[in-house]
Structures are given as structure tokens and as C-alpha cells.
Amino acid sequence: MSFSGTEVPARLLIRDLVQIATPRGHTAPLRGGELGAVDVFEGAYLLCEQGRIAAVGAMQDLKPLDGEVEELDGRGLSAIPGLVDCHTHACFAGDRVGEFALRASGAGYEELHAAGGGILATVRATREAGDAGLAAALERHVAWMLRSGTTTFEAKSGYGLDRDTELAQLRAIRAAGGVPTWLGAHSVPSEFADSGPPSYVDFLLAEVLPEAARIAEAADVFLERGAFDVDEARRYLRACGEAGLELRLHGDQFTEAGAIPLAIELGARSVDHLESTGPAGIAALAASDVVGVLLPASALFLGRPMPPARALAEAGAAIALATDFNPGSAFCESLPLVCSLACTQLGLSPEEALTACTVNAAHVLSRADRKGRLAAGYDADIVLLDAEDWRHLAYHLGGPVVHTVLKGGRIAWTTWA
Ligand code: NIG
Ligand code: FE
């Protein structure tokens, strides 16, 4: 390594990489045969200028460069785009390791939630953390994600469920460089236990939405038994859409409760989870522009069936992969691990997995014009893998496959001494 990494070098050449792998570009999420269309350059270089990628190619095609150029030695390494985690709940205080231990002895996730634990336990911790405590917790979680190769992340509110804490979460996510999604409709807080979900939705729309819409980029709802039903979700999302937010849904996690038809009806950007989606839902999603975001770490962590990824891909649905990082159903910040699960449990190829957590995830976050590919004009967000074949991204099950992470042309994390 020859530069300190603290500044963005005007020009940076990463030379002699064994491989560079990048999904193809597209103006829409990749689907069908295109999902696995990854270009691989052997014996390759990446040239970055002012934090953006200027050129990618084979070393033998590298033209002599005049003027000052910082260099990184890519020998023994491969490069992929910085990973894009399009579904996390990373802005939470505390943890739920006690519940984790109870679940290991047989307690159910929904059962813990119904007894006032689960999401509501994290709501209590998050309300008590204060702005500084919440920012510190988020910073710690974001550092974990970065070390795993995530250079762009979305995070949801939903652990405040009151006006001030929901807005504090959204502000903290934005301040930490994340893409904020308003998940006011995550669960009904204890203050509304008697009046029920419709009056809580009334409160959200009247008291929180006007300010949340100024901070967040999207709105999300947990459409599930024990949370919000289709009518409540429709009312919440319609109002959020009218306020200018993109729409997303947690759907078909435990039951098929109408999330896919509602997502299509409202023109949502994504419907996420899909562990319980059946053949009709698969066909409907494949015929639509809604992206199915698959969260296999969550299914694994809860011991639930995996989402029907192969059937979705074969049917031509646009799919993305994300961690769902949260303290209850997926205490997992690692997209490389998610790629391993995609290949071992979901029947996706390494190429399909890479596309799903780079360019397709960037589409979910409206950033596919600058994130998720290694191509001229894209942000110089780059993961160097400690492997000569980039497919170790998925092959190395939970191992230290990430060698160095560059964000905007600057080394953000590295194993280089
Ligand atoms: O996506 N399903 C709802 N929300 C999260 C879990 C949140 C939690 O348990 O704290 C999820 O799995
Ligand atoms: Fe989630």
C-alpha cells in the first residue's frame, strides 16, 4: 500500500488485481438471465479520479499515466463493487441476547413479541438511549457493516414508535451517511395497545409523517398478523406516497397477508422477506416492477423456511439480497454471509448473489446510477477481497474474506498494515 488513505487521492490506480467482477449496467433492476450477467476482467486495473471510477480494464490495455498517481498493489486480490445493504434496522440501542438464549431453548419469536418483548423491548431501549447514545450505537453497527464490505446502507426507524424517537432515528441514520426509511408502522406501541392499530396509524399520519417525509426517502410497514393488516398498511402507505416517499413493505414473513398485491397496487419500490410467498405471489411479483428483497439471514436466525428465491428468479422477478440487520430476527451485518446463504440455501449462483446485493439493491435505493457497479462514472466504492477468485465472496462461509474497503476513492477500512 502506498498511500495513507485518509485523503481522497486525485488519481488512484489499483493495479495487478487478479480479477475484477462487476454486474452489468441497466436502467432497471436485472432479472431473468441478466441477473447472473457479471463481467469478469482477469489481470486487471481500476483507475479512480476524484472519488469516482475513471476506467476499468485489463493491465495490458492500461495506457501510461502522466502526472501524479497514487497506487495500490492488487496482487493476490480481487475486486467487486462496494456492497449495498438495502434493508437494515441498524439504528437500535441495546440488544436482545437474552431473548436469543430463550429462543435457543424453544421460545418463539412471535410469542416473545406478543408478551411485550421482541420489537417492543428494543423500543424501550431506543427511547431511553438519547440522541448521543443512539448515534454511538448506530456508529458501532455501521463500522461492523463497513468491515463486511457494505459501503451503502439503508436503515429504518421503527424502534421509536413515538414522534420524537422516530424522528431522532431518521436524523441519526442520515447523519451516519445512511439512507433513511420511515418504519413508523413497525409495531403498535403500548400507549396504543387499547385503541389499536387504526388509531396508531391516525397518530403517525397526523403527528409524525409531515416531518418524517422531510428526512426519510421511503416509508415501510410491517404487514403481518400481530402487526398491521392490509387496510391499515394501504392507508399508511398511500399517505406516505402522497407526501413524496418511496414505498416499501415487510411482507409474507410468517403469513401471506396481502403484501404483494398491495405493493403492486401502490407501485411500491420493494416487498421484503417473502419466506411464506406461494406460487400466485411469485407469478404476480415476476409480472411487476416491484423488487423482491430476500433476507436469508433472518430466515436462518429464526429457523424459518427460506424464501423461494430460485422460483422467483426463474419466473423473472427482480430480486435483491439484504441482511435485515436487527437485534431480534437477524443479528447479522454481513452481506458476504448473506451471499453464502444465497448460494447454499436459496439456489442462487455467486453471480446472481453479487448482482442482488450490488446493482439491484442500489435500484431499491434509487442510487443505481452511481452505486453497485465498477464502471466509469460510478462512485469509487470498491471491496478488495482476500482471494484470487471473486466468488470467495460467497464461498468463504462467514470468514474474513474482505481485505480492504474503499468508499469514494478513500480507504475506509483495511487489513493492510
Ligand atoms: O424485518 N419483521 C419485522 N421487523 C424486523 C425485526 C425487528 C426486530 O425483531 O427487532 C424484521 O425481521
Ligand atoms: Fe426488516
# chains A, B, ... in the order shown; residues from 1 in each chain; ligands from 1
call {"tool": "residues_near_ligand", "arguments": {"ligand": "ligand 2", "cutoff": "7 Å", "atoms": "only C-alpha atoms and all ligand atoms", "output": "list of chain:residue names"}}
result
A:His87, A:Thr88, A:His89, A:His250, A:Asp324
call {"tool": "residues_around", "arguments": {"residues": "Gly281 of chain A", "least_positions_apart": "5", "cutoff": "12 Å", "atoms": "only C-alpha atoms", "output": "PyMOL selection string"}}
result
chain A and resi 251-252+255-264+271+274-276+286-288+290+292+307-308+311-312+315+317
call {"tool": "atom_distance", "arguments": {"atom1": "atom CA of Glu7 of chain A", "atom2": "atom CA of Gly408 of chain A"}}
result
10.2 Å
call {"tool": "closest_residue", "arguments": {"among": "A:Leu365, A:Leu13, A:Ala299, A:Val8", "to": "ligand 1", "atoms": "only C-alpha atoms and all ligand atoms"}}
result
A:Ala299
call {"tool": "atom_distance", "arguments": {"atom1": "atom CA of Ala129 of chain A", "atom2": "atom CA of Gly116 of chain A"}}
result
19.0 Å
call {"tool": "closest_atom_pairs", "arguments": {"of": "chain A", "to": "ligand 1", "cutoff": "9 Å", "atoms": "only C-alpha atoms and all ligand atoms", "output": "Markdown table"}}
result
| residue | atom | partner | partner_atom_place_in_ligand_line | distance |
| --- | --- | --- | --- | --- |
| A:His87 | CA | ligand 1 | 1 (O) | 8.2 |
| A:Thr88 | CA | ligand 1 | 1 (O) | 7.8 |
| A:His89 | CA | ligand 1 | 7 (C) | 7.1 |
| A:Phe92 | CA | ligand 1 | 10 (O) | 8.5 |
| A:Arg96 | CA | ligand 1 | 10 (O) | 8.5 |
| A:Tyr109 | CA | ligand 1 | 9 (O) | 7.9 |
| A:His113 | CA | ligand 1 | 9 (O) | 8.1 |
| A:Gly118 | CA | ligand 1 | 9 (O) | 5.5 |
| A:Ile119 | CA | ligand 1 | 10 (O) | 4.2 |
| A:Leu120 | CA | ligand 1 | 10 (O) | 7.8 |
| A:Ala121 | CA | ligand 1 | 10 (O) | 8.3 |
| A:Thr122 | CA | ligand 1 | 10 (O) | 6.5 |
| A:Val123 | CA | ligand 1 | 10 (O) | 8.5 |
| A:Gly158 | CA | ligand 1 | 4 (N) | 8.5 |
| A:Tyr159 | CA | ligand 1 | 10 (O) | 7.7 |
| A:His186 | CA | ligand 1 | 4 (N) | 6.7 |
| A:Ser187 | CA | ligand 1 | 3 (C) | 8.3 |
| A:Val221 | CA | ligand 1 | 3 (C) | 8.8 |
| A:Phe222 | CA | ligand 1 | 3 (C) | 5.9 |
| A:Leu223 | CA | ligand 1 | 2 (N) | 8.7 |
| A:Glu224 | CA | ligand 1 | 2 (N) | 8.2 |
| A:Ala227 | CA | ligand 1 | 3 (C) | 8.8 |
| A:His250 | CA | ligand 1 | 2 (N) | 6.6 |
| A:Gly251 | CA | ligand 1 | 2 (N) | 8.4 |
| A:Gln253 | CA | ligand 1 | 2 (N) | 7.0 |
| A:Phe254 | CA | ligand 1 | 2 (N) | 8.9 |
| A:Asp272 | CA | ligand 1 | 1 (O) | 8.1 |
| A:His273 | CA | ligand 1 | 1 (O) | 7.3 |
| A:Leu295 | CA | ligand 1 | 1 (O) | 8.3 |
| A:Ser298 | CA | ligand 1 | 12 (O) | 6.2 |
| A:Ala299 | CA | ligand 1 | 12 (O) | 8.7 |
| A:Asp324 | CA | ligand 1 | 1 (O) | 5.6 |
| A:Phe325 | CA | ligand 1 | 1 (O) | 8.0 |
| A:Asn326 | CA | ligand 1 | 10 (O) | 5.5 |
| A:Pro327 | CA | ligand 1 | 10 (O) | 5.3 |
| A:Gly328 | CA | ligand 1 | 9 (O) | 3.5 |
| A:Ser329 | CA | ligand 1 | 9 (O) | 4.7 |
| A:Ala330 | CA | ligand 1 | 12 (O) | 6.7 |
call {"tool": "atom_distance", "arguments": {"atom1": "atom CA of Gln345 of chain A", "atom2": "atom CA of Gly303 of chain A"}}
result
12.4 Å
call {"tool": "residues_around", "arguments": {"residues": "segment 48-57 of chain A", "least_positions_apart": "2", "cutoff": "6 Å", "atoms": "only C-alpha atoms", "output": "list in words"}}
result
Ala10, Arg11, Leu12, Ala44, Tyr45, Leu46, Ala376, Gly377, Tyr378, Asp379, Ala380, Gly408 and Gly409 of chain A
call {"tool": "residues_around", "arguments": {"residues": "Val188 of chain A", "least_positions_apart": "3", "cutoff": "7 Å", "atoms": "only C-alpha atoms", "output": "ChimeraX atom specification"}}
result
/A:192-193,197,200,227
call {"tool": "select_by_dssp", "arguments": {"residues": "segment 159-237 of chain A", "states": "helix (DSSP H, G or I)", "output": "ChimeraX atom specification"}}
result
/A:163-175,190-192,197-215,230-237
call {"tool": "write_last_selection", "arguments": {"atoms": "C-alpha atoms", "output": "compact mmCIF listing (two decimals), in the first residue's frame"}}
result
# COMPACT_ATOMS: atom_id res chain seq x y z
CA ARG A 163 -42.81 11.23 17.40
CA ASP A 164 -39.51 12.32 18.91
CA THR A 165 -37.73 8.97 18.82
CA GLU A 166 -38.88 8.10 15.28
CA LEU A 167 -37.55 11.45 14.04
CA ALA A 168 -34.37 11.07 16.11
CA GLN A 169 -33.75 7.71 14.45
CA LEU A 170 -34.23 9.14 10.96
CA ARG A 171 -31.87 12.04 11.71
CA ALA A 172 -29.25 9.70 13.20
CA ILE A 173 -29.38 7.46 10.11
CA ARG A 174 -28.93 10.43 7.79
CA ALA A 175 -26.09 11.82 9.92
CA SER A 190 -48.05 0.13 24.42
CA GLU A 191 -49.65 3.63 24.52
CA PHE A 192 -51.98 2.48 21.73
CA PRO A 197 -53.62 -0.13 15.10
CA PRO A 198 -56.09 2.23 13.31
CA SER A 199 -55.73 4.95 15.94
CA TYR A 200 -51.93 4.49 15.99
CA VAL A 201 -51.90 4.95 12.19
CA ASP A 202 -54.03 8.11 12.67
CA PHE A 203 -51.36 9.40 15.06
CA LEU A 204 -48.49 8.52 12.71
CA LEU A 205 -50.04 10.27 9.75
CA ALA A 206 -51.12 13.39 11.66
CA GLU A 207 -48.16 13.87 14.00
CA VAL A 208 -45.08 12.22 12.50
CA LEU A 209 -45.43 11.98 8.72
CA PRO A 210 -45.06 15.72 7.92
CA GLU A 211 -41.57 15.86 9.47
CA ALA A 212 -40.59 12.25 8.66
CA ALA A 213 -41.24 12.95 4.97
CA ARG A 214 -38.65 15.73 5.09
CA ILE A 215 -35.92 13.40 6.40
CA VAL A 230 -53.80 -4.68 4.51
CA ASP A 231 -56.29 -1.86 5.13
CA GLU A 232 -54.06 -0.17 7.71
CA ALA A 233 -50.97 -0.66 5.56
CA ARG A 234 -52.75 0.79 2.50
CA ARG A 235 -53.87 3.89 4.39
CA TYR A 236 -50.41 4.46 5.88
CA LEU A 237 -48.52 3.89 2.61
call {"tool": "select_by_dssp", "arguments": {"residues": "segment 233-400 of chain A", "states": "strand (DSSP E)", "output": "number ranges by chain"}}
result
A: 246-251, 270-273, 291-294, 319-321, 382-385
call {"tool": "closest_residue", "arguments": {"among": "A:Asp229, A:Thr404, A:Arg391, A:Val364", "to": "Ala318 of chain A", "atoms": "only C-alpha atoms"}}
result
A:Val364
call {"tool": "closest_residue", "arguments": {"among": "A:Arg31, A:Ala136, A:Phe228, A:Pro9", "to": "Glu68 of chain A", "atoms": "only C-alpha atoms"}}
result
A:Pro9
call {"tool": "closest_residue", "arguments": {"among": "A:His392, A:His363, A:Arg24, A:Arg370", "to": "Cys343 of chain A", "atoms": "only C-alpha atoms"}}
result
A:His392
call {"tool": "residues_around", "arguments": {"residues": "Thr358 of chain A", "least_positions_apart": "5", "cutoff": "9 Å", "atoms": "only C-alpha atoms", "output": "list in words"}}
result
Thr22, Pro23, Pro81, Gly82, Leu83, Val84, Asp85, Ala320, Leu321, Ala353, His363, Ala368, Lys371, Gly372 and Arg373 of chain A
call {"tool": "closest_residue", "arguments": {"among": "A:Leu62, A:Val383, A:Leu35, A:Leu77", "to": "Arg147 of chain A", "atoms": "only C-alpha atoms"}}
result
A:Val383
